[in-house]
>>> print(open('model.csv').read())   # CSV, C-alpha atoms (C1' of nucleotides) and all ligand atoms
chain,number,residue,atom,x,y,z
A,279,MET,CA,-13.3,-8.3,4.2
A,280,GLY,CA,-16.9,-9.1,3.2
A,281,ILE,CA,-19.0,-7.2,0.8
A,282,PHE,CA,-19.5,-4.2,3.1
A,283,SER,CA,-16.8,-2.5,5.2
A,284,LYS,CA,-16.5,-3.5,8.8
A,285,THR,CA,-17.8,-0.1,9.8
A,286,CYS,CA,-20.9,-0.7,7.7
A,287,GLU,CA,-21.4,-4.1,9.2
A,288,TYR,CA,-21.4,-2.5,12.6
A,289,ALA,CA,-23.8,0.2,11.4
A,290,LEU,CA,-26.3,-2.3,10.0
A,291,ARG,CA,-26.2,-4.6,13.1
A,292,ALA,CA,-26.5,-1.5,15.4
A,293,VAL,CA,-29.5,-0.1,13.5
A,294,PHE,CA,-31.3,-3.5,13.6
A,295,PHE,CA,-30.5,-3.7,17.3
A,296,VAL,CA,-31.9,-0.3,18.1
A,297,ALA,CA,-34.9,-0.8,15.9
A,298,HIS,CA,-36.0,-4.0,17.5
A,299,LYS,CA,-35.2,-2.8,21.1
A,300,THR,CA,-37.1,0.4,20.8
A,301,ALA,CA,-39.9,-0.4,18.4
A,302,GLY,CA,-42.3,-0.4,21.4
A,303,GLY,CA,-40.9,2.9,22.8
A,304,GLY,CA,-38.0,3.7,25.0
A,305,ARG,CA,-34.3,4.2,24.3
A,306,VAL,CA,-31.2,2.0,24.4
A,307,GLY,CA,-27.8,3.2,25.5
A,308,ILE,CA,-24.5,2.9,23.5
A,309,LYS,CA,-23.1,0.4,26.0
A,310,GLU,CA,-26.0,-2.0,25.6
A,311,ILE,CA,-25.9,-1.7,21.9
A,312,ALA,CA,-22.2,-2.4,21.7
A,313,GLU,CA,-22.6,-5.3,24.0
A,314,GLY,CA,-25.6,-6.6,22.1
A,315,ILE,CA,-23.9,-6.7,18.7
A,316,GLY,CA,-20.3,-7.4,19.8
A,317,SER,CA,-18.6,-4.2,18.7
A,318,PRO,CA,-16.1,-1.8,20.3
A,319,GLU,CA,-18.1,0.7,22.2
A,320,HIS,CA,-16.4,4.0,21.4
A,321,PHE,CA,-16.0,3.2,17.7
A,322,LEU,CA,-19.6,2.3,17.4
A,323,ALA,CA,-20.5,5.6,19.2
A,324,LYS,CA,-18.8,7.5,16.3
A,325,VAL,CA,-20.7,5.5,13.7
A,326,LEU,CA,-24.1,6.1,15.5
A,327,GLN,CA,-23.3,9.8,15.8
A,328,ASP,CA,-22.9,9.9,12.1
A,329,LEU,CA,-26.1,7.9,11.4
A,330,SER,CA,-27.9,10.2,13.9
A,331,ARG,CA,-26.8,13.3,11.9
A,332,ARG,CA,-28.2,11.7,8.8
A,333,GLY,CA,-31.5,10.9,10.5
A,334,ILE,CA,-31.1,7.2,10.3
A,335,VAL,CA,-31.4,6.8,14.1
A,336,GLN,CA,-32.6,9.3,16.7
A,337,SER,CA,-30.9,10.1,20.0
A,338,VAL,CA,-31.3,12.1,23.2
A,339,LYS,CA,-28.7,12.9,25.8
A,340,GLY,CA,-29.0,12.7,29.6
A,341,PRO,CA,-30.6,10.3,32.0
A,342,ASN,CA,-32.9,7.8,30.3
A,343,GLY,CA,-31.4,9.0,27.1
A,344,GLY,CA,-30.1,6.8,24.3
A,345,PHE,CA,-30.8,5.8,20.8
A,346,TYR,CA,-34.1,4.9,19.2
A,347,THR,CA,-35.9,4.7,15.9
A,348,ASP,CA,-39.2,6.3,15.1
A,349,GLU,CA,-41.8,4.9,12.8
A,350,SER,CA,-40.5,6.7,9.7
A,351,VAL,CA,-37.0,5.2,10.2
A,352,LEU,CA,-38.4,1.7,10.4
A,353,GLN,CA,-39.7,2.1,6.9
A,354,ARG,CA,-36.5,3.3,5.4
A,355,PRO,CA,-34.7,0.8,3.2
A,356,ILE,CA,-31.4,-0.6,4.5
A,357,SER,CA,-29.7,0.7,1.3
A,358,ASP,CA,-29.8,4.1,3.1
A,359,VAL,CA,-27.6,2.7,5.9
A,360,VAL,CA,-25.2,1.2,3.4
A,361,GLU,CA,-25.0,4.3,1.3
A,362,ALA,CA,-24.5,6.5,4.4
A,363,VAL,CA,-21.5,4.5,5.5
A,364,ASP,CA,-19.9,3.0,2.4
A,365,GLY,CA,-21.2,5.4,-0.3
A,366,ASN,CA,-22.9,4.2,-3.5
A,367,GLY,CA,-19.8,2.7,-5.1
A,368,ILE,CA,-21.1,-0.7,-4.5
A,369,PHE,CA,-24.3,0.1,-6.3
A,370,THR,CA,-22.8,2.0,-9.3
A,371,GLY,CA,-19.1,1.3,-9.5
A,372,CYS,CA,-17.3,-0.8,-12.0
A,373,ALA,CA,-16.3,-4.3,-10.9
A,374,LEU,CA,-12.8,-3.8,-12.2
A,375,GLY,CA,-12.4,-0.3,-10.9
A,376,LEU,CA,-12.7,1.7,-14.1
A,377,LYS,CA,-13.4,5.3,-13.4
A,378,GLN,CA,-16.8,5.1,-14.9
A,379,CYS,CA,-19.0,2.1,-15.4
A,380,SER,CA,-20.7,2.6,-18.7
A,381,GLU,CA,-22.5,0.8,-21.5
A,382,ILE,CA,-20.5,2.4,-24.2
A,383,ASN,CA,-17.0,1.8,-22.8
A,384,PRO,CA,-17.6,-1.3,-20.7
A,385,CYS,CA,-15.1,-3.5,-18.9
A,386,PRO,CA,-15.1,-7.3,-19.8
A,387,LEU,CA,-17.2,-8.1,-16.7
A,388,HIS,CA,-19.7,-5.3,-17.2
A,389,HIS,CA,-22.6,-7.2,-18.6
A,390,GLU,CA,-22.7,-10.1,-16.2
A,391,PHE,CA,-21.7,-8.0,-13.2
A,392,LYS,CA,-24.3,-5.3,-13.7
A,393,THR,CA,-27.1,-7.9,-13.3
A,394,ILE,CA,-25.8,-9.0,-9.9
A,395,ARG,CA,-25.0,-5.5,-8.7
A,396,ASN,CA,-28.6,-4.4,-9.7
A,397,GLU,CA,-30.0,-7.4,-7.9
A,398,LEU,CA,-28.2,-6.4,-4.7
A,399,HIS,CA,-29.3,-2.9,-5.0
A,400,ARG,CA,-32.9,-3.9,-5.6
A,401,MET,CA,-32.8,-6.3,-2.6
A,402,LEU,CA,-31.4,-3.6,-0.2
A,403,ASN,CA,-33.9,-1.1,-1.5
A,404,ALA,CA,-36.8,-3.4,-1.0
A,405,THR,CA,-35.8,-4.3,2.5
A,406,SER,CA,-36.8,-2.0,5.4
A,407,ILE,CA,-35.0,-1.4,8.6
A,408,GLY,CA,-38.0,-2.4,10.7
A,409,GLU,CA,-39.1,-5.6,9.0
A,410,PHE,CA,-36.8,-7.9,11.0
A,411,ASN,CA,-38.0,-6.8,14.4
A,412,THR,CA,-40.3,-9.7,15.1
A,413,ASP,CA,-37.7,-12.3,14.1
A,414,LEU,CA,-35.1,-10.6,16.2
A,415,ILE,CA,-37.4,-10.4,19.2
A,416,SER,CA,-38.3,-14.0,18.9
A,417,GLY,CA,-34.7,-15.0,18.5
A,418,ILE,CA,-35.0,-16.6,15.0
A,419,THR,CA,-32.2,-14.3,13.8
A,420,ALA,CA,-29.1,-13.0,15.5
A,421,LEU,CA,-26.8,-10.0,15.5
A,422,LYS,CA,-23.9,-11.4,17.5
A,423,LYS,CA,-21.4,-14.2,17.1
B,109,MET,CA,-14.5,1.0,-2.6
B,110,GLY,CA,-16.2,-1.3,-5.0
B,111,ILE,CA,-17.0,-4.9,-4.4
B,112,PHE,CA,-13.4,-6.1,-4.7
B,113,SER,CA,-10.3,-4.5,-3.1
B,114,LYS,CA,-8.3,-2.1,-5.3
B,115,THR,CA,-5.5,-4.7,-5.4
B,116,CYS,CA,-8.0,-7.3,-6.7
B,117,GLU,CA,-9.2,-4.9,-9.4
B,118,TYR,CA,-5.6,-4.4,-10.5
B,119,ALA,CA,-5.1,-8.1,-10.5
B,120,LEU,CA,-8.1,-8.9,-12.6
B,121,ARG,CA,-7.3,-6.1,-15.1
B,122,ALA,CA,-3.7,-7.2,-15.3
B,123,VAL,CA,-4.6,-10.9,-15.9
B,124,PHE,CA,-7.1,-10.0,-18.6
B,125,PHE,CA,-4.4,-7.7,-20.2
B,126,VAL,CA,-1.7,-10.4,-20.1
B,127,ALA,CA,-4.1,-13.0,-21.4
B,128,HIS,CA,-5.2,-11.1,-24.5
B,129,LYS,CA,-1.8,-9.8,-25.3
B,130,THR,CA,-0.1,-13.2,-25.1
B,131,ALA,CA,-2.8,-15.6,-26.2
B,132,GLY,CA,-0.9,-15.9,-29.5
B,133,GLY,CA,2.5,-16.4,-27.9
B,134,GLY,CA,5.1,-14.0,-26.6
B,135,ARG,CA,5.5,-12.1,-23.4
B,136,VAL,CA,4.5,-8.7,-22.1
B,137,GLY,CA,6.6,-6.7,-19.6
B,138,ILE,CA,5.4,-5.1,-16.3
B,139,LYS,CA,5.9,-1.6,-17.7
B,140,GLU,CA,3.5,-2.3,-20.6
B,141,ILE,CA,1.0,-4.0,-18.4
B,142,ALA,CA,0.9,-1.2,-15.9
B,143,GLU,CA,0.6,1.4,-18.6
B,144,GLY,CA,-2.1,-0.7,-20.3
B,145,ILE,CA,-4.3,-0.9,-17.3
B,146,GLY,CA,-3.4,2.4,-15.6
B,147,SER,CA,-1.9,1.1,-12.4
B,148,PRO,CA,1.2,1.9,-10.4
B,149,GLU,CA,4.0,-0.1,-11.9
B,150,HIS,CA,5.9,-1.3,-8.8
B,151,PHE,CA,2.7,-2.1,-6.9
B,152,LEU,CA,1.4,-4.1,-9.7
B,153,ALA,CA,4.7,-6.0,-9.9
B,154,LYS,CA,4.1,-7.3,-6.4
B,155,VAL,CA,0.6,-8.4,-7.2
B,156,LEU,CA,1.8,-10.2,-10.3
B,157,GLN,CA,4.6,-11.8,-8.4
B,158,ASP,CA,2.0,-13.2,-6.1
B,159,LEU,CA,-0.2,-14.4,-8.9
B,160,SER,CA,2.8,-16.0,-10.5
B,161,ARG,CA,3.7,-17.9,-7.4
B,162,ARG,CA,0.1,-19.2,-7.4
B,163,GLY,CA,0.3,-20.2,-11.1
B,164,ILE,CA,-2.3,-17.8,-12.3
B,165,VAL,CA,0.2,-16.1,-14.6
B,166,GLN,CA,3.6,-17.3,-15.9
B,167,SER,CA,6.8,-15.3,-16.0
B,168,VAL,CA,10.3,-15.5,-17.3
B,169,LYS,CA,13.2,-13.1,-16.4
B,170,GLY,CA,15.8,-11.6,-18.7
B,171,PRO,CA,15.8,-10.2,-22.2
B,172,ASN,CA,12.5,-10.9,-24.0
B,173,GLY,CA,11.1,-12.0,-20.7
B,174,GLY,CA,7.9,-10.9,-19.2
B,175,PHE,CA,4.5,-12.3,-18.2
B,176,TYR,CA,2.3,-14.6,-20.2
B,177,THR,CA,-0.6,-17.0,-19.8
B,178,ASP,CA,-0.6,-20.6,-21.1
B,179,GLU,CA,-3.6,-22.5,-22.4
B,180,SER,CA,-4.4,-24.0,-19.0
B,181,VAL,CA,-4.5,-20.6,-17.4
B,182,LEU,CA,-6.9,-19.2,-20.0
B,183,GLN,CA,-9.4,-21.8,-18.9
B,184,ARG,CA,-9.3,-21.1,-15.2
B,185,PRO,CA,-12.3,-19.3,-13.7
B,186,ILE,CA,-11.8,-15.7,-12.6
B,187,SER,CA,-12.9,-16.7,-9.1
B,188,ASP,CA,-9.4,-18.1,-8.8
B,189,VAL,CA,-8.0,-14.6,-9.2
B,190,VAL,CA,-10.4,-13.1,-6.7
B,191,GLU,CA,-9.8,-15.8,-4.2
B,192,ALA,CA,-6.0,-15.5,-4.6
B,193,VAL,CA,-6.1,-11.8,-3.8
B,194,ASP,CA,-9.2,-11.1,-1.6
B,195,GLY,CA,-9.7,-14.6,-0.1
B,196,ASN,CA,-13.1,-16.3,-0.1
B,197,GLY,CA,-14.8,-14.0,2.4
B,198,ILE,CA,-16.8,-12.5,-0.4
B,199,PHE,CA,-18.1,-16.0,-1.3
B,200,THR,CA,-18.8,-17.4,2.1
B,201,GLY,CA,-18.9,-14.6,4.7
B,202,CYS,CA,-21.9,-13.1,6.5
B,203,ALA,CA,-23.2,-9.8,5.1
B,204,LEU,CA,-23.3,-8.4,8.6
B,205,GLY,CA,-19.9,-9.7,9.6
B,206,LEU,CA,-21.1,-12.5,12.0
B,207,LYS,CA,-18.2,-14.8,12.6
B,208,GLN,CA,-20.0,-17.6,10.9
B,209,CYS,CA,-22.6,-17.5,8.2
B,210,SER,CA,-25.0,-20.3,9.0
B,211,GLU,CA,-28.5,-21.6,8.4
B,212,ILE,CA,-29.1,-22.4,12.1
B,213,ASN,CA,-28.0,-19.1,13.5
B,214,PRO,CA,-28.6,-16.7,10.6
B,215,CYS,CA,-28.4,-12.9,10.6
B,216,PRO,CA,-31.5,-11.0,9.4
B,217,LEU,CA,-30.2,-10.6,5.9
B,218,HIS,CA,-29.0,-14.2,5.5
B,219,HIS,CA,-31.7,-15.6,3.3
B,220,GLU,CA,-31.9,-12.8,0.8
B,221,PHE,CA,-28.2,-12.2,0.8
B,222,LYS,CA,-27.2,-15.8,0.3
B,223,THR,CA,-29.0,-15.9,-3.0
B,224,ILE,CA,-27.1,-12.9,-4.3
B,225,ARG,CA,-23.7,-14.1,-3.0
B,226,ASN,CA,-24.2,-17.5,-4.6
B,227,GLU,CA,-25.1,-15.9,-7.8
B,228,LEU,CA,-21.9,-13.8,-7.8
B,229,HIS,CA,-19.9,-16.9,-7.0
B,230,ARG,CA,-21.6,-18.9,-9.8
B,231,MET,CA,-20.9,-16.1,-12.2
B,232,LEU,CA,-17.2,-15.8,-11.4
B,233,ASN,CA,-16.8,-19.6,-11.5
B,234,ALA,CA,-18.5,-19.9,-14.8
B,235,THR,CA,-16.4,-17.2,-16.4
B,236,SER,CA,-12.9,-18.0,-17.7
B,237,ILE,CA,-9.8,-15.8,-17.8
B,238,GLY,CA,-9.5,-16.3,-21.6
B,239,GLU,CA,-13.0,-15.8,-22.8
B,240,PHE,CA,-12.7,-12.1,-23.1
B,241,ASN,CA,-9.7,-12.1,-25.3
B,242,THR,CA,-11.5,-11.5,-28.6
B,243,ASP,CA,-13.6,-8.6,-27.3
B,244,LEU,CA,-10.5,-7.0,-25.8
B,245,ILE,CA,-8.5,-7.4,-29.0
B,246,SER,CA,-11.3,-6.0,-31.1
B,247,GLY,CA,-11.7,-3.1,-28.6
B,248,ILE,CA,-15.3,-3.8,-27.7
B,249,THR,CA,-14.3,-3.9,-24.0
B,250,ALA,CA,-11.7,-1.9,-22.2
B,251,LEU,CA,-9.3,-2.2,-19.2
B,252,LYS,CA,-8.4,1.4,-18.7
B,253,LYS,CA,-10.2,4.7,-17.9
C,594,DA,C1',32.7,-14.4,-20.1
C,595,DT,C1',30.4,-10.1,-20.2
C,596,DA,C1',26.9,-6.8,-20.5
C,597,DA,C1',22.1,-5.9,-20.9
C,598,DT,C1',17.5,-6.9,-19.7
C,599,DA,C1',13.7,-7.9,-16.9
C,600,DA,C1',11.4,-10.1,-13.0
C,601,DA,C1',11.9,-11.0,-7.9
C,602,DA,C1',12.8,-9.5,-3.5
C,603,DG,C1',13.6,-6.1,0.2
C,604,DA,C1',12.8,-2.0,2.6
C,605,DG,C1',10.5,1.5,3.3
C,606,DT,C1',6.5,5.6,3.2
C,607,DT,C1',1.9,7.3,2.9
C,608,DT,C1',-2.9,7.0,3.5
C,609,DC,C1',-7.1,4.9,5.1
C,610,DT,C1',-9.6,2.1,8.4
C,611,DT,C1',-10.4,0.6,12.8
C,612,DA,C1',-10.0,1.3,17.6
C,613,DT,C1',-9.2,3.7,22.3
C,614,DC,C1',-9.2,7.2,25.6
C,615,DT,C1',-10.4,11.7,27.4
C,616,DT,C1',-13.1,15.8,27.7
C,617,DT,C1',-17.3,18.5,26.7
C,618,DA,C1',-22.2,19.5,26.1
C,619,DT,C1',-26.9,18.4,27.1
C,620,DT,C1',-30.7,16.6,29.6
C,621,DT,C1',-33.1,14.8,33.6
C,622,DA,C1',-34.3,14.3,38.2
C,623,DA,C1',-33.9,15.2,43.0
D,443,DT,C1',-29.8,24.6,41.3
D,444,DT,C1',-27.0,20.8,41.8
D,445,DA,C1',-25.6,16.2,40.7
D,446,DA,C1',-25.9,12.3,37.8
D,447,DA,C1',-26.4,10.3,33.4
D,448,DT,C1',-25.6,10.0,28.7
D,449,DA,C1',-24.5,11.2,23.9
D,450,DA,C1',-21.2,14.3,21.2
D,451,DA,C1',-16.8,15.7,20.2
D,452,DG,C1',-11.7,15.7,20.2
D,453,DA,C1',-7.4,13.7,20.1
D,454,DT,C1',-4.4,10.0,19.4
D,455,DA,C1',-2.8,5.4,18.2
D,456,DA,C1',-2.6,0.8,16.1
D,457,DG,C1',-3.1,-1.9,11.9
D,458,DA,C1',-3.9,-2.7,7.2
D,459,DA,C1',-3.9,-1.4,2.4
D,460,DA,C1',-1.8,1.0,-1.2
D,461,DC,C1',2.1,2.9,-3.1
D,462,DT,C1',7.4,4.0,-4.0
D,463,DC,C1',12.2,3.2,-4.4
D,464,DT,C1',16.4,0.3,-4.3
D,465,DT,C1',18.9,-3.9,-4.7
D,466,DT,C1',19.3,-8.7,-6.1
D,467,DT,C1',18.7,-12.7,-9.1
D,468,DA,C1',17.9,-15.0,-13.4
D,469,DT,C1',18.1,-15.1,-18.3
D,470,DT,C1',19.6,-13.9,-22.9
D,471,DA,C1',22.5,-12.2,-26.5
D,472,DT,C1',26.8,-10.8,-27.9
E,1,LIG,S1,-17.8,-1.0,-16.8
E,1,LIG,FE1,-17.0,-2.5,-15.4
E,1,LIG,S2,-18.9,-3.1,-14.5
E,1,LIG,FE2,-19.6,-1.6,-15.9
E,2,LIG,S1,-25.5,-15.4,8.6
E,2,LIG,FE1,-25.4,-13.4,7.7
E,2,LIG,S2,-25.4,-13.9,5.6
E,2,LIG,FE2,-25.5,-15.8,6.5
>>> encode(input="model.csv", output="structure tokens")
Amino acid sequence: MGIFSKTCEYALRAVFFVAHKTAGGGRVGIKEIAEGIGSPEHFLAKVLQDLSRRGIVQSVKGPNGGFYTDESVLQRPISDVVEAVDGNGIFTGCALGLKQCSEINPCPLHHEFKTIRNELHRMLNATSIGEFNTDLISGITALKK
Amino acid sequence: MGIFSKTCEYALRAVFFVAHKTAGGGRVGIKEIAEGIGSPEHFLAKVLQDLSRRGIVQSVKGPNGGFYTDESVLQRPISDVVEAVDGNGIFTGCALGLKQCSEINPCPLHHEFKTIRNELHRMLNATSIGEFNTDLISGITALKK
DNA sequence: ATAATAAAAGAGTTTCTTATCTTTATTTAA
DNA sequence: TTAAATAAAGATAAGAAACTCTTTTATTAT
């Protein structure tokens, strides 16, 4: 596995997909999202339900319904998505799995690891959901394959 | 979960434990290692068997047997341990789980993520198994709790 | 040789993650 | 007010990761 869980990878790709598809208004259905990011449809549905409950995407049922992101969502940091799915262990946990990462009872890797972990956290915090829309629309970046 | 799998966390803690216990000669048994790092004994046995096959620890059976690390092991980078257990996905994989992390078909996070991923790789490559022995012996760093 | 010791190997079980399929609730439009 | 569309929810299953228990093999010391 990579740095995030598979579920979290789907979540991030889906959020980016919804964001760039609906930035100009409208909604996008679960089928199109799953197809657009290459994920199992019903599994992704569960993930999006969860993100919807947490306010990271919006949704409406019925004809012309689907998922979308409003302006406030576009400005949220992507660390919100990661934290919603994988929790904050990746931002605060010990590299070696000690119950508590601490300065006073550190593991051997603590000092070096903390730097990198903080850098990752800073990066995900400084990066907003909406800031990739133009590159996605222009096709410079991809969410599939 | 943290950045590494639980199995990998055990592996790293165990390797550090064996290294600092046997740096001056001798062997240490699976029971003492499991107790020393707070891991399930039989599960850890499997992990160490695997590391042993790959030459990351040494072992001998029978009375006065156990696990140990020779001088050459102490100088290996800890990325070898991570790679043996978790594979190299963490060093080379796409943050969003695209099949192939690439410059020509990058995901939105590619540029920022690559930097951090490379920094992690560099750190784990520049850090040797044996370099924590003195801090572990003196009790400055810990492998349990 | 024999008995004791300790890792290696084998064979599960449990739990968590990922995935699939079906049914229900909500919304829209005719 | 009915039918169609679409997300939400429920139930179940497949696979992988984590953990446990038992048997075998290799080594040492007596
Ligand atoms: S104690 Fe291990 S990373 Fe902080
Ligand atoms: S393509 Fe996603 S990190 Fe490189």
>>> atom_distance(input="model.csv", atom1="CA of Glu140 (chain B)", atom2="C1' of DA468 (chain D)")
20.5 Å
>>> residues_around(input="model.csv", residues="region 617-621 of chain C", least_positions_apart="5", cutoff="6 Å", atoms="all atoms listed in the file", output="PyMOL selection string")
chain A and resi 339-341
>>> calpha_fit_and_write(input="model.csv", fixed="chain B", moving="chain A", output="short mmCIF file (atom, residue, chain, number, x, y, z; two decimals) with C-alpha atoms, keeping the file's coordinate frame")
data_model
loop_
_atom_site.label_atom_id
_atom_site.label_comp_id
_atom_site.auth_asym_id
_atom_site.auth_seq_id
_atom_site.Cartn_x
_atom_site.Cartn_y
_atom_site.Cartn_z
CA MET A 279 -14.43 0.99 -2.52
CA GLY A 280 -16.23 -1.34 -4.95
CA ILE A 281 -17.02 -4.92 -4.39
CA PHE A 282 -13.42 -6.12 -4.72
CA SER A 283 -10.35 -4.47 -3.16
CA LYS A 284 -8.34 -2.13 -5.30
CA THR A 285 -5.54 -4.66 -5.34
CA CYS A 286 -7.93 -7.25 -6.73
CA GLU A 287 -9.18 -4.86 -9.34
CA TYR A 288 -5.63 -4.40 -10.49
CA ALA A 289 -5.06 -8.16 -10.45
CA LEU A 290 -8.13 -8.89 -12.59
CA ARG A 291 -7.39 -6.10 -15.15
CA ALA A 292 -3.68 -7.23 -15.29
CA VAL A 293 -4.58 -10.89 -15.87
CA PHE A 294 -7.05 -9.97 -18.68
CA PHE A 295 -4.36 -7.74 -20.16
CA VAL A 296 -1.72 -10.42 -20.17
CA ALA A 297 -4.10 -13.04 -21.39
CA HIS A 298 -5.24 -11.14 -24.41
CA LYS A 299 -1.69 -9.81 -25.25
CA THR A 300 -0.06 -13.17 -25.12
CA ALA A 301 -2.76 -15.56 -26.22
CA GLY A 302 -0.93 -15.89 -29.58
CA GLY A 303 2.50 -16.39 -27.91
CA GLY A 304 5.08 -14.01 -26.63
CA ARG A 305 5.45 -12.15 -23.35
CA VAL A 306 4.52 -8.69 -22.07
CA GLY A 307 6.63 -6.69 -19.67
CA ILE A 308 5.46 -5.15 -16.31
CA LYS A 309 5.83 -1.63 -17.69
CA GLU A 310 3.50 -2.26 -20.61
CA ILE A 311 1.01 -3.95 -18.42
CA ALA A 312 0.95 -1.13 -15.91
CA GLU A 313 0.64 1.35 -18.66
CA GLY A 314 -2.07 -0.66 -20.39
CA ILE A 315 -4.36 -0.91 -17.36
CA GLY A 316 -3.49 2.39 -15.62
CA SER A 317 -1.90 1.10 -12.44
CA PRO A 318 1.24 1.97 -10.45
CA GLU A 319 4.00 -0.09 -11.87
CA HIS A 320 5.87 -1.32 -8.81
CA PHE A 321 2.70 -2.13 -6.87
CA LEU A 322 1.34 -4.10 -9.72
CA ALA A 323 4.72 -5.96 -9.94
CA LYS A 324 4.13 -7.22 -6.34
CA VAL A 325 0.61 -8.37 -7.18
CA LEU A 326 1.82 -10.24 -10.37
CA GLN A 327 4.63 -11.85 -8.38
CA ASP A 328 2.05 -13.21 -6.07
CA LEU A 329 -0.27 -14.41 -8.87
CA SER A 330 2.82 -15.96 -10.55
CA ARG A 331 3.60 -17.98 -7.37
CA ARG A 332 0.06 -19.25 -7.40
CA GLY A 333 0.27 -20.24 -11.06
CA ILE A 334 -2.28 -17.79 -12.23
CA VAL A 335 0.18 -16.13 -14.66
CA GLN A 336 3.56 -17.36 -15.87
CA SER A 337 6.76 -15.32 -16.06
CA VAL A 338 10.37 -15.45 -17.22
CA LYS A 339 13.19 -13.10 -16.38
CA GLY A 340 15.78 -11.57 -18.72
CA PRO A 341 15.69 -10.15 -22.19
CA ASN A 342 12.44 -10.87 -24.02
CA GLY A 343 11.13 -11.96 -20.70
CA GLY A 344 7.81 -10.94 -19.18
CA PHE A 345 4.49 -12.28 -18.24
CA TYR A 346 2.23 -14.60 -20.17
CA THR A 347 -0.58 -17.08 -19.80
CA ASP A 348 -0.59 -20.60 -21.10
CA GLU A 349 -3.59 -22.45 -22.36
CA SER A 350 -4.46 -24.00 -18.98
CA VAL A 351 -4.57 -20.54 -17.33
CA LEU A 352 -6.97 -19.24 -19.94
CA GLN A 353 -9.45 -21.84 -18.84
CA ARG A 354 -9.27 -21.08 -15.19
CA PRO A 355 -12.27 -19.28 -13.76
CA ILE A 356 -11.77 -15.67 -12.64
CA SER A 357 -12.98 -16.69 -9.13
CA ASP A 358 -9.41 -18.07 -8.73
CA VAL A 359 -7.98 -14.56 -9.22
CA VAL A 360 -10.44 -13.10 -6.76
CA GLU A 361 -9.88 -15.76 -4.18
CA ALA A 362 -6.07 -15.46 -4.54
CA VAL A 363 -6.16 -11.77 -3.79
CA ASP A 364 -9.18 -11.10 -1.59
CA GLY A 365 -9.74 -14.58 -0.08
CA ASN A 366 -13.13 -16.33 -0.11
CA GLY A 367 -14.84 -14.03 2.38
CA ILE A 368 -16.86 -12.56 -0.33
CA PHE A 369 -18.12 -15.94 -1.37
CA THR A 370 -18.82 -17.38 2.14
CA GLY A 371 -18.88 -14.57 4.66
CA CYS A 372 -21.84 -13.14 6.42
CA ALA A 373 -23.22 -9.86 5.08
CA LEU A 374 -23.31 -8.39 8.54
CA GLY A 375 -19.97 -9.71 9.62
CA LEU A 376 -21.01 -12.50 11.97
CA LYS A 377 -18.20 -14.87 12.60
CA GLN A 378 -19.94 -17.65 10.84
CA CYS A 379 -22.63 -17.49 8.23
CA SER A 380 -24.96 -20.33 8.97
CA GLU A 381 -28.47 -21.62 8.40
CA ILE A 382 -29.08 -22.41 11.99
CA ASN A 383 -27.94 -19.11 13.54
CA PRO A 384 -28.56 -16.72 10.66
CA CYS A 385 -28.34 -12.95 10.59
CA PRO A 386 -31.54 -11.00 9.46
CA LEU A 387 -30.12 -10.60 5.93
CA HIS A 388 -28.99 -14.19 5.55
CA HIS A 389 -31.71 -15.55 3.38
CA GLU A 390 -31.91 -12.83 0.80
CA PHE A 391 -28.17 -12.17 0.81
CA LYS A 392 -27.12 -15.77 0.32
CA THR A 393 -28.98 -15.88 -3.04
CA ILE A 394 -27.04 -12.90 -4.38
CA ARG A 395 -23.71 -14.00 -2.96
CA ASN A 396 -24.25 -17.50 -4.59
CA GLU A 397 -25.14 -15.83 -7.84
CA LEU A 398 -21.87 -13.88 -7.82
CA HIS A 399 -19.92 -16.89 -6.98
CA ARG A 400 -21.56 -18.93 -9.71
CA MET A 401 -20.96 -16.12 -12.26
CA LEU A 402 -17.20 -15.82 -11.39
CA ASN A 403 -16.85 -19.57 -11.46
CA ALA A 404 -18.45 -19.89 -14.82
CA THR A 405 -16.35 -17.18 -16.34
CA SER A 406 -12.85 -18.03 -17.66
CA ILE A 407 -9.85 -15.84 -17.81
CA GLY A 408 -9.43 -16.34 -21.55
CA GLU A 409 -12.97 -15.83 -22.79
CA PHE A 410 -12.70 -12.04 -23.16
CA ASN A 411 -9.67 -12.07 -25.39
CA THR A 412 -11.43 -11.53 -28.68
CA ASP A 413 -13.51 -8.63 -27.34
CA LEU A 414 -10.46 -7.05 -25.85
CA ILE A 415 -8.48 -7.43 -29.05
CA SER A 416 -11.23 -5.95 -31.07
CA GLY A 417 -11.65 -3.11 -28.65
CA ILE A 418 -15.32 -3.81 -27.67
CA THR A 419 -14.24 -3.86 -24.01
CA ALA A 420 -11.67 -1.87 -22.11
CA LEU A 421 -9.33 -2.18 -19.16
CA LYS A 422 -8.37 1.46 -18.71
CA LYS A 423 -10.16 4.68 -17.85
#
>>> atom_distance(input="model.csv", atom1="CA of Pro185 (chain B)", atom2="CA of Gln157 (chain B)")
19.2 Å
>>> closest_residue(input="model.csv", among="B:Glu220, B:Pro214, B:Arg225, B:Thr235", to="ligand LIG 2 (chain E)", atoms="only C-alpha atoms and all ligand atoms")
B:Pro214
>>> atom_distance(input="model.csv", atom1="C1' of DA596 (chain C)", atom2="C1' of DT470 (chain D)")
10.5 Å
>>> residues_around(input="model.csv", residues="DT466 (chain D)", least_positions_apart="3", cutoff="10 Å", atoms="only C-alpha atoms (C1' of nucleotides)", output="list in words")
DA601, DA602 and DG603 of chain C
>>> closest_residue(input="model.csv", among="A:Met401, A:Ile311, A:Ile356, A:Ala373", to="ligand LIG 1 (chain E)", atoms="only C-alpha atoms and all ligand atoms")
A:Ala373
>>> residues_near_ligand(input="model.csv", ligand="ligand LIG 2 (chain E)", cutoff="9 Å", atoms="all atoms listed in the file", output="NGL selection string")
(:A and (419-421)) or (:B and (200-222 or 225))
